[in-house]
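Text of coords.pdb, listed as PDB, C-alpha atoms:
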```pdb
MODEL        1
ATOM      1  CA  MET A 207      13.640  -8.585 -15.181
ATOM      2  CA  LYS A 208      10.511  -7.525 -17.087
ATOM      3  CA  LEU A 209       8.580 -10.037 -19.138
ATOM      4  CA  CYS A 210       6.026  -9.681 -21.899
ATOM      5  CA  LEU A 211       2.993 -11.609 -20.709
ATOM      6  CA  ASP A 212       2.015 -12.399 -24.281
ATOM      7  CA  CYS A 213       5.157 -14.305 -25.277
ATOM      8  CA  LYS A 214       7.224 -14.395 -22.028
ATOM      9  CA  ASN A 215      10.089 -12.624 -23.751
ATOM     10  CA  GLU A 216      12.349 -10.440 -21.605
ATOM     11  CA  ILE A 217      12.143  -6.755 -22.498
ATOM     12  CA  GLU A 218      14.573  -3.941 -21.879
ATOM     13  CA  ASN A 219      12.579  -1.098 -20.354
ATOM     14  CA  PHE A 220       9.103   0.233 -19.643
ATOM     15  CA  GLU A 221       8.305   2.058 -22.855
ATOM     16  CA  ILE A 222       8.982  -0.124 -25.888
ATOM     17  CA  GLU A 223       7.185  -2.738 -27.898
ATOM     18  CA  CYS A 224       8.143  -6.356 -27.417
ATOM     19  CA  VAL A 225      10.747  -7.185 -30.091
ATOM     20  CA  ASN A 226       9.631 -10.806 -30.089
ATOM     21  CA  CYS A 227       5.873 -10.534 -30.596
ATOM     22  CA  SER A 228       5.601  -6.797 -31.404
ATOM     23  CA  ARG A 229       3.133  -6.145 -28.600
ATOM     24  CA  CYS A 230       2.952  -2.369 -28.165
ATOM     25  CA  PHE A 231       2.490  -1.047 -24.646
ATOM     26  CA  ASP A 232       0.123   1.898 -24.396
ATOM     27  CA  THR A 233       1.905   4.995 -23.099
ATOM     28  CA  SER A 234      -0.542   7.525 -24.505
ATOM     29  CA  ASN A 235      -2.054   8.555 -21.178
ATOM     30  CA  LYS A 236      -0.571  10.285 -18.127
ATOM     31  CA  PHE A 237       0.275   6.876 -16.769
ATOM     32  CA  ILE A 238       1.216   3.674 -18.536
ATOM     33  CA  LYS A 239      -2.294   2.273 -18.685
ATOM     34  CA  ASN A 240      -1.707  -1.365 -19.491
ATOM     35  CA  LEU A 241       2.032  -1.773 -19.181
ATOM     36  CA  LEU A 242       2.948  -5.403 -19.886
ATOM     37  CA  LEU A 243      -0.660  -6.431 -19.262
ATOM     38  CA  ASN A 244      -3.184  -7.986 -21.590
ATOM     39  CA  LYS A 245      -6.360  -6.312 -20.349
ATOM     40  CA  ASP A 246      -7.886  -3.772 -17.995
ATOM     41  CA  PHE A 247      -8.053  -5.941 -14.877
ATOM     42  CA  SER A 248     -10.523  -3.594 -13.200
ATOM     43  CA  GLU A 249     -13.279  -4.281 -15.709
ATOM     44  CA  GLY A 250     -16.279  -5.878 -14.072
ATOM     45  CA  LEU A 251     -15.035  -5.146 -10.552
ATOM     46  CA  GLN A 252     -16.618  -2.773  -8.095
ATOM     47  CA  SER A 253     -14.392   0.281  -7.695
ATOM     48  CA  TYR A 254     -14.359   3.479  -5.725
ATOM     49  CA  ASP A 255     -16.084   6.061  -7.862
ATOM     50  CA  SER A 256     -14.192   9.075  -9.135
ATOM     51  CA  ASN A 257     -15.743  11.320  -6.509
ATOM     52  CA  LEU A 258     -14.274   9.185  -3.706
ATOM     53  CA  TYR A 259     -10.808   9.351  -5.256
ATOM     54  CA  SER A 260     -11.018  13.115  -5.510
ATOM     55  CA  LYS A 261     -12.147  13.351  -1.875
ATOM     56  CA  LEU A 262      -9.347  11.013  -0.770
ATOM     57  CA  PHE A 263      -6.848  13.114  -2.707
ATOM     58  CA  LEU A 264      -7.887  16.163  -0.686
ATOM     59  CA  LEU A 265      -8.264  14.344   2.638
ATOM     60  CA  GLU A 266      -4.843  12.657   2.867
ATOM     61  CA  LYS A 267      -2.718  15.783   3.210
ATOM     62  CA  GLY A 268      -2.902  17.000   6.796
ATOM     63  CA  ASN A 269      -4.868  14.030   8.100
ATOM     64  CA  PHE A 270      -3.261  12.529  11.225
ATOM     65  CA  TRP A 271      -3.602   8.906  10.098
ATOM     66  CA  PHE A 272      -2.082   9.260   6.629
ATOM     67  CA  GLU A 273       0.727  11.497   7.858
ATOM     68  CA  TYR A 274       1.582   9.161  10.741
ATOM     69  CA  ARG A 275       1.632   6.120   8.492
ATOM     70  CA  ASN A 276       3.934   7.963   6.061
ATOM     71  CA  ARG A 277       6.277   8.863   8.911
ATOM     72  CA  LEU A 278       6.519   5.205   9.951
ATOM     73  CA  ILE A 279       7.040   3.999   6.384
ATOM     74  CA  TYR A 280       9.846   6.505   5.763
ATOM     75  CA  TRP A 281      11.589   5.591   9.031
ATOM     76  CA  ILE A 282      11.325   1.866   8.287
ATOM     77  CA  LEU A 283      12.728   2.247   4.785
ATOM     78  CA  GLN A 284      15.689   4.264   6.063
ATOM     79  CA  LYS A 285      16.294   1.753   8.848
ATOM     80  CA  TYR A 286      16.178  -1.453   6.796
ATOM     81  CA  PHE A 287      16.612  -0.401   3.142
ATOM     82  CA  SER A 288      18.684   2.785   3.213
ATOM     83  CA  SER A 289      20.401   1.929  -0.092
ATOM     84  CA  CYS A 290      17.109   1.319  -1.926
ATOM     85  CA  GLU A 291      17.339   2.357  -5.576
ATOM     86  CA  SER A 292      13.942   1.212  -6.841
ATOM     87  CA  PHE A 293      10.642   1.196  -4.972
ATOM     88  CA  LEU A 294       7.291  -0.126  -6.160
ATOM     89  CA  GLU A 295       4.099   0.657  -4.292
ATOM     90  CA  VAL A 296       1.289  -1.776  -5.087
ATOM     91  CA  GLY A 297      -2.174  -0.359  -4.569
ATOM     92  CA  CYS A 298      -0.746   3.163  -4.624
ATOM     93  CA  GLY A 299      -4.147   4.853  -4.809
ATOM     94  CA  THR A 300      -3.707   8.603  -5.255
ATOM     95  CA  GLY A 301       0.067   8.499  -4.701
ATOM     96  CA  PHE A 302       0.340  10.009  -1.205
ATOM     97  CA  VAL A 303       3.175   7.680  -0.123
ATOM     98  CA  LEU A 304       5.046   8.050  -3.406
ATOM     99  CA  GLU A 305       4.828  11.835  -3.125
ATOM    100  CA  MET A 306       6.613  11.637   0.222
ATOM    101  CA  PHE A 307       9.487   9.643  -1.285
ATOM    102  CA  LYS A 308       9.621  11.927  -4.312
ATOM    103  CA  ARG A 309      10.025  14.985  -2.086
ATOM    104  CA  SER A 310      12.644  13.289   0.096
ATOM    105  CA  LYS A 311      14.755  12.458  -2.985
ATOM    106  CA  THR A 312      15.988   9.301  -1.261
ATOM    107  CA  ILE A 313      14.986   6.772  -3.958
ATOM    108  CA  PRO A 314      16.140   7.224  -7.580
ATOM    109  CA  LEU A 315      13.382   5.136  -9.203
ATOM    110  CA  LEU A 316       9.757   5.196  -8.034
ATOM    111  CA  PHE A 317       6.964   3.053  -9.441
ATOM    112  CA  GLY A 318       3.289   2.935  -8.575
ATOM    113  CA  SER A 319       0.633   0.418  -9.489
ATOM    114  CA  ASP A 320      -3.033   0.036  -8.801
ATOM    115  CA  LEU A 321      -5.914  -2.080  -9.995
ATOM    116  CA  PHE A 322      -8.082   0.903 -10.830
ATOM    117  CA  LYS A 323      -7.355   3.645 -13.337
ATOM    118  CA  ASP A 324      -9.216   6.353 -11.421
ATOM    119  CA  GLY A 325      -6.653   6.321  -8.618
ATOM    120  CA  LEU A 326      -3.760   6.289 -11.073
ATOM    121  CA  GLU A 327      -5.035   9.476 -12.697
ATOM    122  CA  PHE A 328      -4.728  11.289  -9.374
ATOM    123  CA  ALA A 329      -1.386   9.632  -8.573
ATOM    124  CA  SER A 330       0.098  10.737 -11.889
ATOM    125  CA  GLU A 331      -1.044  14.291 -11.143
ATOM    126  CA  ARG A 332       0.427  14.202  -7.630
ATOM    127  CA  VAL A 333       3.749  12.587  -8.561
ATOM    128  CA  PRO A 334       4.540  13.384 -12.211
ATOM    129  CA  GLN A 335       7.466  11.762 -13.993
ATOM    130  CA  THR A 336       6.899   8.568 -12.034
ATOM    131  CA  TYR A 337       6.089   5.235 -13.676
ATOM    132  CA  PHE A 338       2.492   4.149 -13.075
ATOM    133  CA  PHE A 339       0.729   1.077 -14.378
ATOM    134  CA  GLN A 340      -2.201  -1.182 -13.732
ATOM    135  CA  LEU A 341      -1.429  -4.376 -11.866
ATOM    136  CA  ASN A 342      -3.586  -7.125 -10.434
ATOM    137  CA  LEU A 343      -1.780  -9.059  -7.705
ATOM    138  CA  MET A 344      -4.194 -11.947  -8.138
ATOM    139  CA  GLU A 345      -2.836 -12.506 -11.656
ATOM    140  CA  LYS A 346       0.630 -13.474 -12.848
ATOM    141  CA  ILE A 347       2.704 -10.296 -12.913
ATOM    142  CA  PRO A 348       5.498  -9.521 -15.396
ATOM    143  CA  PHE A 349       8.368  -8.862 -12.983
ATOM    144  CA  ILE A 350      11.101 -11.146 -11.667
ATOM    145  CA  ASN A 351      13.737  -9.807  -9.238
ATOM    146  CA  GLU A 352      12.973  -6.265 -10.443
ATOM    147  CA  PHE A 353      12.513  -3.949  -7.417
ATOM    148  CA  ASN A 354      14.645  -3.377  -4.310
ATOM    149  CA  VAL A 355      11.643  -2.714  -2.090
ATOM    150  CA  ILE A 356       7.925  -3.254  -2.600
ATOM    151  CA  GLY A 357       5.357  -1.577  -0.375
ATOM    152  CA  GLY A 358       1.717  -2.476   0.123
ATOM    153  CA  PHE A 359      -0.034  -0.099   2.504
ATOM    154  CA  ASP A 360      -3.506  -1.212   3.550
ATOM    155  CA  VAL A 361      -3.843  -3.296   0.401
ATOM    156  CA  LEU A 362      -3.733  -6.990   1.363
ATOM    157  CA  GLU A 363      -7.042  -6.866   3.222
ATOM    158  CA  HIS A 364      -8.736  -5.958  -0.089
ATOM    159  CA  ILE A 365      -7.385  -9.058  -1.877
ATOM    160  CA  GLU A 366      -9.298 -12.313  -1.616
ATOM    161  CA  ASP A 367      -6.251 -14.590  -1.884
ATOM    162  CA  ASP A 368      -3.552 -12.680  -0.027
ATOM    163  CA  PHE A 369      -0.973 -15.470  -0.414
ATOM    164  CA  ILE A 370      -1.048 -15.211  -4.216
ATOM    165  CA  ALA A 371      -0.496 -11.474  -3.796
ATOM    166  CA  ILE A 372       2.446 -11.860  -1.393
ATOM    167  CA  ASN A 373       3.967 -14.604  -3.538
ATOM    168  CA  ASN A 374       3.831 -12.313  -6.589
ATOM    169  CA  ILE A 375       5.448  -9.553  -4.536
ATOM    170  CA  TYR A 376       8.207 -11.966  -3.477
ATOM    171  CA  THR A 377       8.874 -12.902  -7.109
ATOM    172  CA  ALA A 378       9.112  -9.247  -8.165
ATOM    173  CA  CYS A 379      11.440  -8.325  -5.287
ATOM    174  CA  LYS A 380      15.225  -8.411  -5.779
ATOM    175  CA  PRO A 381      17.272 -10.750  -3.565
ATOM    176  CA  GLY A 382      18.580  -8.693  -0.658
ATOM    177  CA  GLY A 383      15.594  -6.379  -0.959
ATOM    178  CA  GLY A 384      12.327  -6.657   0.843
ATOM    179  CA  VAL A 385       8.739  -5.750   1.508
ATOM    180  CA  ILE A 386       6.985  -3.254   3.792
ATOM    181  CA  ILE A 387       3.343  -4.004   4.558
ATOM    182  CA  THR A 388       0.638  -2.337   6.650
ATOM    183  CA  VAL A 389      -2.763  -3.878   7.332
ATOM    184  CA  PRO A 390      -5.733  -3.330   9.660
ATOM    185  CA  GLN A 391      -5.324  -5.391  12.832
ATOM    186  CA  HIS A 392      -7.506  -7.391  15.229
ATOM    187  CA  LYS A 393     -10.624  -9.307  14.273
ATOM    188  CA  LEU A 394     -12.194  -7.783  17.370
ATOM    189  CA  LEU A 395     -12.410  -4.493  15.462
ATOM    190  CA  TRP A 396     -14.311  -5.949  12.509
ATOM    191  CA  SER A 397     -17.341  -3.783  11.828
ATOM    192  CA  LYS A 398     -19.541  -2.295   9.157
ATOM    193  CA  SER A 399     -16.649   0.027   8.330
ATOM    194  CA  ASP A 400     -14.637  -2.953   7.051
ATOM    195  CA  GLU A 401     -17.541  -4.104   4.917
ATOM    196  CA  ILE A 402     -17.969  -0.637   3.426
ATOM    197  CA  ALA A 403     -14.226  -0.550   2.690
ATOM    198  CA  CYS A 404     -14.494  -3.924   0.874
ATOM    199  CA  HIS A 405     -12.133  -5.699   3.288
ATOM    200  CA  PHE A 406     -11.892  -9.472   3.240
ATOM    201  CA  ARG A 407     -10.274  -9.610   6.673
ATOM    202  CA  ARG A 408      -8.466  -7.927   9.544
ATOM    203  CA  TYR A 409      -5.176  -9.547  10.590
ATOM    204  CA  GLU A 410      -3.754 -10.896  13.783
ATOM    205  CA  LYS A 411       0.015 -10.583  14.231
ATOM    206  CA  LYS A 412       0.733 -14.331  13.997
ATOM    207  CA  GLU A 413      -1.318 -14.639  10.811
ATOM    208  CA  LEU A 414       0.567 -11.890   9.024
ATOM    209  CA  ILE A 415       3.968 -13.199  10.123
ATOM    210  CA  PHE A 416       3.031 -16.670   8.857
ATOM    211  CA  LEU A 417       1.859 -15.254   5.524
ATOM    212  CA  ILE A 418       5.055 -13.271   4.942
ATOM    213  CA  GLN A 419       7.299 -16.169   5.962
ATOM    214  CA  LYS A 420       5.355 -18.675   3.860
ATOM    215  CA  ALA A 421       6.095 -16.578   0.765
ATOM    216  CA  GLY A 422       9.844 -16.789   1.563
ATOM    217  CA  PHE A 423      10.615 -13.519   3.351
ATOM    218  CA  ASP A 424      12.495 -13.330   6.645
ATOM    219  CA  VAL A 425      10.520 -11.141   9.043
ATOM    220  CA  VAL A 426      12.859  -8.519  10.534
ATOM    221  CA  PHE A 427      10.364  -6.135  12.104
ATOM    222  CA  VAL A 428       6.738  -6.155  13.185
ATOM    223  CA  SER A 429       4.820  -3.668  15.298
ATOM    224  CA  SER A 430       1.313  -2.465  15.994
ATOM    225  CA  PHE A 431       0.495   1.196  15.498
ATOM    226  CA  ILE A 432      -2.534   3.388  16.172
ATOM    227  CA  SER A 433      -2.143   1.858  19.630
ATOM    228  CA  LEU A 434      -2.601   4.808  21.984
ATOM    229  CA  LEU A 435      -5.836   5.597  20.162
ATOM    230  CA  PHE A 436      -6.982   1.966  20.299
ATOM    231  CA  PRO A 437      -9.557   2.513  23.104
ATOM    232  CA  LEU A 438     -11.268   5.249  21.097
ATOM    233  CA  MET A 439     -11.181   3.109  17.982
ATOM    234  CA  LEU A 440     -12.701   0.171  19.864
ATOM    235  CA  ILE A 441     -15.519   2.343  21.191
ATOM    236  CA  SER A 442     -16.210   3.723  17.712
ATOM    237  CA  ARG A 443     -16.460   0.171  16.348
ATOM    238  CA  LEU A 444     -18.670  -1.120  19.168
ATOM    239  CA  PHE A 445     -20.959   1.911  18.995
ATOM    240  CA  PRO A 446     -20.774   3.085  15.379
ATOM    241  CA  PHE A 447     -22.406   6.166  13.962
ATOM    242  CA  SER A 448     -25.049   4.866  11.589
ATOM    243  CA  SER A 449     -25.645   6.465   8.216
ATOM    244  CA  LYS A 450     -27.220   5.068   5.087
ATOM    245  CA  ASN A 451     -24.888   7.086   2.882
ATOM    246  CA  ARG A 452     -21.718   6.299   4.812
ATOM    247  CA  THR A 453     -18.496   5.989   2.783
ATOM    248  CA  VAL A 454     -15.095   4.461   3.436
ATOM    249  CA  LEU A 455     -13.668   7.921   4.199
ATOM    250  CA  ASP A 456     -16.149   8.950   6.887
ATOM    251  CA  GLU A 457     -14.048   7.630   9.800
ATOM    252  CA  LEU A 458     -11.215   9.960   8.835
ATOM    253  CA  LYS A 459     -13.340  13.081   8.463
ATOM    254  CA  ILE A 460     -12.725  14.817  11.771
ATOM    255  CA  GLY A 461     -12.499  18.410  12.926
ATOM    256  CA  PHE A 462      -9.323  20.483  13.134
ATOM    257  CA  ILE A 463      -8.964  20.285  16.942
ATOM    258  CA  LEU A 464      -9.520  16.524  17.109
ATOM    259  CA  ASN A 465      -7.157  15.959  14.182
ATOM    260  CA  LEU A 466      -4.494  18.062  15.934
ATOM    261  CA  PHE A 467      -4.952  16.094  19.152
ATOM    262  CA  PHE A 468      -4.619  12.790  17.304
ATOM    263  CA  LYS A 469      -1.457  14.076  15.591
ATOM    264  CA  ILE A 470       0.121  14.789  18.977
ATOM    265  CA  VAL A 471      -0.836  11.341  20.289
ATOM    266  CA  CYS A 472       0.599   9.676  17.176
ATOM    267  CA  LYS A 473       3.876  11.620  17.494
ATOM    268  CA  ILE A 474       4.234  10.280  21.047
ATOM    269  CA  GLU A 475       3.513   6.766  19.812
ATOM    270  CA  TYR A 476       6.037   7.177  16.994
ATOM    271  CA  ILE A 477       8.756   8.024  19.515
ATOM    272  CA  ILE A 478       7.799   4.957  21.571
ATOM    273  CA  ILE A 479       8.046   2.656  18.529
ATOM    274  CA  LYS A 480      11.409   4.123  17.486
ATOM    275  CA  THR A 481      12.852   3.312  20.921
ATOM    276  CA  GLY A 482      12.184  -0.367  20.222
ATOM    277  CA  ILE A 483       9.189  -0.818  22.492
ATOM    278  CA  LYS A 484       6.705  -3.200  20.863
ATOM    279  CA  ILE A 485       3.063  -2.461  21.616
ATOM    280  CA  PRO A 486       0.934  -5.640  21.378
ATOM    281  CA  ILE A 487      -2.330  -3.994  20.305
ATOM    282  CA  GLY A 488      -3.274  -1.363  17.761
ATOM    283  CA  GLY A 489      -5.677  -0.576  14.996
ATOM    284  CA  SER A 490      -2.982  -1.283  12.385
ATOM    285  CA  LEU A 491       0.010  -3.578  11.963
ATOM    286  CA  LEU A 492       3.314  -2.925  10.175
ATOM    287  CA  ILE A 493       5.643  -5.715   9.066
ATOM    288  CA  VAL A 494       8.978  -5.792   7.233
ATOM    289  CA  GLY A 495      10.315  -8.817   5.373
ATOM    290  CA  LYS A 496      13.657  -9.340   3.653
ATOM    291  CA  LYS A 497      14.377 -11.597   0.692
ATOM    292  CA  LYS A 498      17.497 -13.692   1.079
ATOM    293  CA  VAL A 499      20.378 -13.387  -1.337
ATOM    294  CA  GLU A 500      20.588 -16.729  -3.145
TER
ENDMDL
END
```
Would you mind writing the structure in this file as structure tokens?
Amino acid sequence: MKLCLDCKNEIENFEIECVNCSRCFDTSNKFIKNLLLNKDFSEGLQSYDSNLYSKLFLLEKGNFWFEYRNRLIYWILQKYFSSCESFLEVGCGTGFVLEMFKRSKTIPLLFGSDLFKDGLEFASERVPQTYFFQLNLMEKIPFINEFNVIGGFDVLEHIEDDFIAINNIYTACKPGGGVIITVPQHKLLWSKSDEIACHFRRYEKKELIFLIQKAGFDVVFVSSFISLLFPLMLISRLFPFSSKNRTVLDELKIGFILNLFFKIVCKIEYIIIKTGIKIPIGGSLLIVGKKKVE
């Protein structure tokens, strides 16, 4: 169900005006700029500049971390939501995850949302003919039981009140559907890198499970990843490379040989996770929750 946030009237689809209050939703750009929303929620907030989005757009493809995370996400969706017909990614950034699903042709309807318009411009270029819109998970959102699966990949740590965000996700998720979430793990790893990335927190496993369950989801899977590389990650956080002009992307800018080595390590770890072995530590955490059928 989609609701007009002006008058709360139910509307039919994503590209019409509200028949009740005649609110017209702007579809003039590459993406649906303010679909069902009353304002640009990014106004007044610090955002990544356009240069960072363009650099991220180029960095993701071929990078060991982004490719490994995509591989895990795809496997999880096939394992727990193989009949998924509609997928919404919140905080979709430049659309790297959505591009994977678009190429796989496994999900008929793909939707992407983000707080900032800069990222959506790149996402709409990367995955054309996909619905994109601005969405602020800290505000009331206009969806009730709308999407089979909702994904949030390294998003929650950027949101001050993560329970409001998860509760909104729960409301927008169809009964019988679910959520797939990844977050940075272990407070021990907190460093300047988290501050530069505008993180509010890193998660421990129990905290994330509690958060997902409190919203109403049943947790069906949880696992650490970036585990075999954890010692290197710990060293890099304890003895960071200092730079006044450091950006959020600097940690992922590595040479070809090192990137290839990390890819091999991550492929080994992926096989370990698929066998059902749960690794207790890791730089990141993946969790899957299902919404009960009422």
### Atomic separation - CA of Lys208 in chain A relative to CA of Phe338 in chain A, Å
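It comes out at 14.7 Å.
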### Hits of the PyMOL selection byres ((chain A and resi 377) around 12) in this structure, as JSON, numbers by chain
{"A": [207, 208, 343, 346, 347, 348, 349, 350, 351, 352, 353, 354, 355, 356, 370, 371, 372, 373, 374, 375, 376, 378, 379, 380, 381, 383, 384, 385, 421, 422, 423, 497, 498]}
Same residues, C-alpha atoms, saved as a short mmCIF file (atom, residue, chain, number, x, y, z; two decimals), keeping the file's coordinate frame:
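Okay, this is what ended up in result-v5.cif:
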```
data_model
loop_
_atom_site.label_atom_id
_atom_site.label_comp_id
_atom_site.auth_asym_id
_atom_site.auth_seq_id
_atom_site.Cartn_x
_atom_site.Cartn_y
_atom_site.Cartn_z
CA MET A 207 13.64 -8.59 -15.18
CA LYS A 208 10.51 -7.52 -17.09
CA LEU A 343 -1.78 -9.06 -7.70
CA LYS A 346 0.63 -13.47 -12.85
CA ILE A 347 2.70 -10.30 -12.91
CA PRO A 348 5.50 -9.52 -15.40
CA PHE A 349 8.37 -8.86 -12.98
CA ILE A 350 11.10 -11.15 -11.67
CA ASN A 351 13.74 -9.81 -9.24
CA GLU A 352 12.97 -6.26 -10.44
CA PHE A 353 12.51 -3.95 -7.42
CA ASN A 354 14.64 -3.38 -4.31
CA VAL A 355 11.64 -2.71 -2.09
CA ILE A 356 7.92 -3.25 -2.60
CA ILE A 370 -1.05 -15.21 -4.22
CA ALA A 371 -0.50 -11.47 -3.80
CA ILE A 372 2.45 -11.86 -1.39
CA ASN A 373 3.97 -14.60 -3.54
CA ASN A 374 3.83 -12.31 -6.59
CA ILE A 375 5.45 -9.55 -4.54
CA TYR A 376 8.21 -11.97 -3.48
CA ALA A 378 9.11 -9.25 -8.16
CA CYS A 379 11.44 -8.32 -5.29
CA LYS A 380 15.22 -8.41 -5.78
CA PRO A 381 17.27 -10.75 -3.56
CA GLY A 383 15.59 -6.38 -0.96
CA GLY A 384 12.33 -6.66 0.84
CA VAL A 385 8.74 -5.75 1.51
CA ALA A 421 6.10 -16.58 0.76
CA GLY A 422 9.84 -16.79 1.56
CA PHE A 423 10.62 -13.52 3.35
CA LYS A 497 14.38 -11.60 0.69
CA LYS A 498 17.50 -13.69 1.08
#
```
### One-decimal distance in Å that lies between CA of Lys285 in chain A and CA of Tyr337 in chain A
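Atom-to-atom, CA of Tyr337 in chain A to CA of Lys285 in chain A, that is 25.0 Å.
Distances to Glu327 in chain A were evaluated for A:Ser397, A:Asn276, A:Thr481, A:Ser260 using all atoms listed in the file, and the minimum falls at A:Ser260.
If you measure from each of A:Val499, A:Lys261, A:Gln340, A:Phe302 to Ser319 in chain A using all atoms listed in the file, the closest one turns out to be A:Gln340.
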### Task
Tell me which of A:Leu294, A:Leu458, A:Leu315, A:Ile477 sits closest to Arg277 in chain A, counting all atoms listed in the file.
A:Ile477
### Two-atom distance - CA of Phe416 in chain A, CA of Gly489 in chain A (Å)
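Value for the CA of Phe416 in chain A-CA of Gly489 in chain A distance: 19.3 Å.
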### Task
Can you turn the PyMOL selection byres ((chain A and resi 435) around 10) into a concrete residue list for this file, as a ChimeraX atom specification?
/A:431-434,436-440,468,471-472,475,488-489
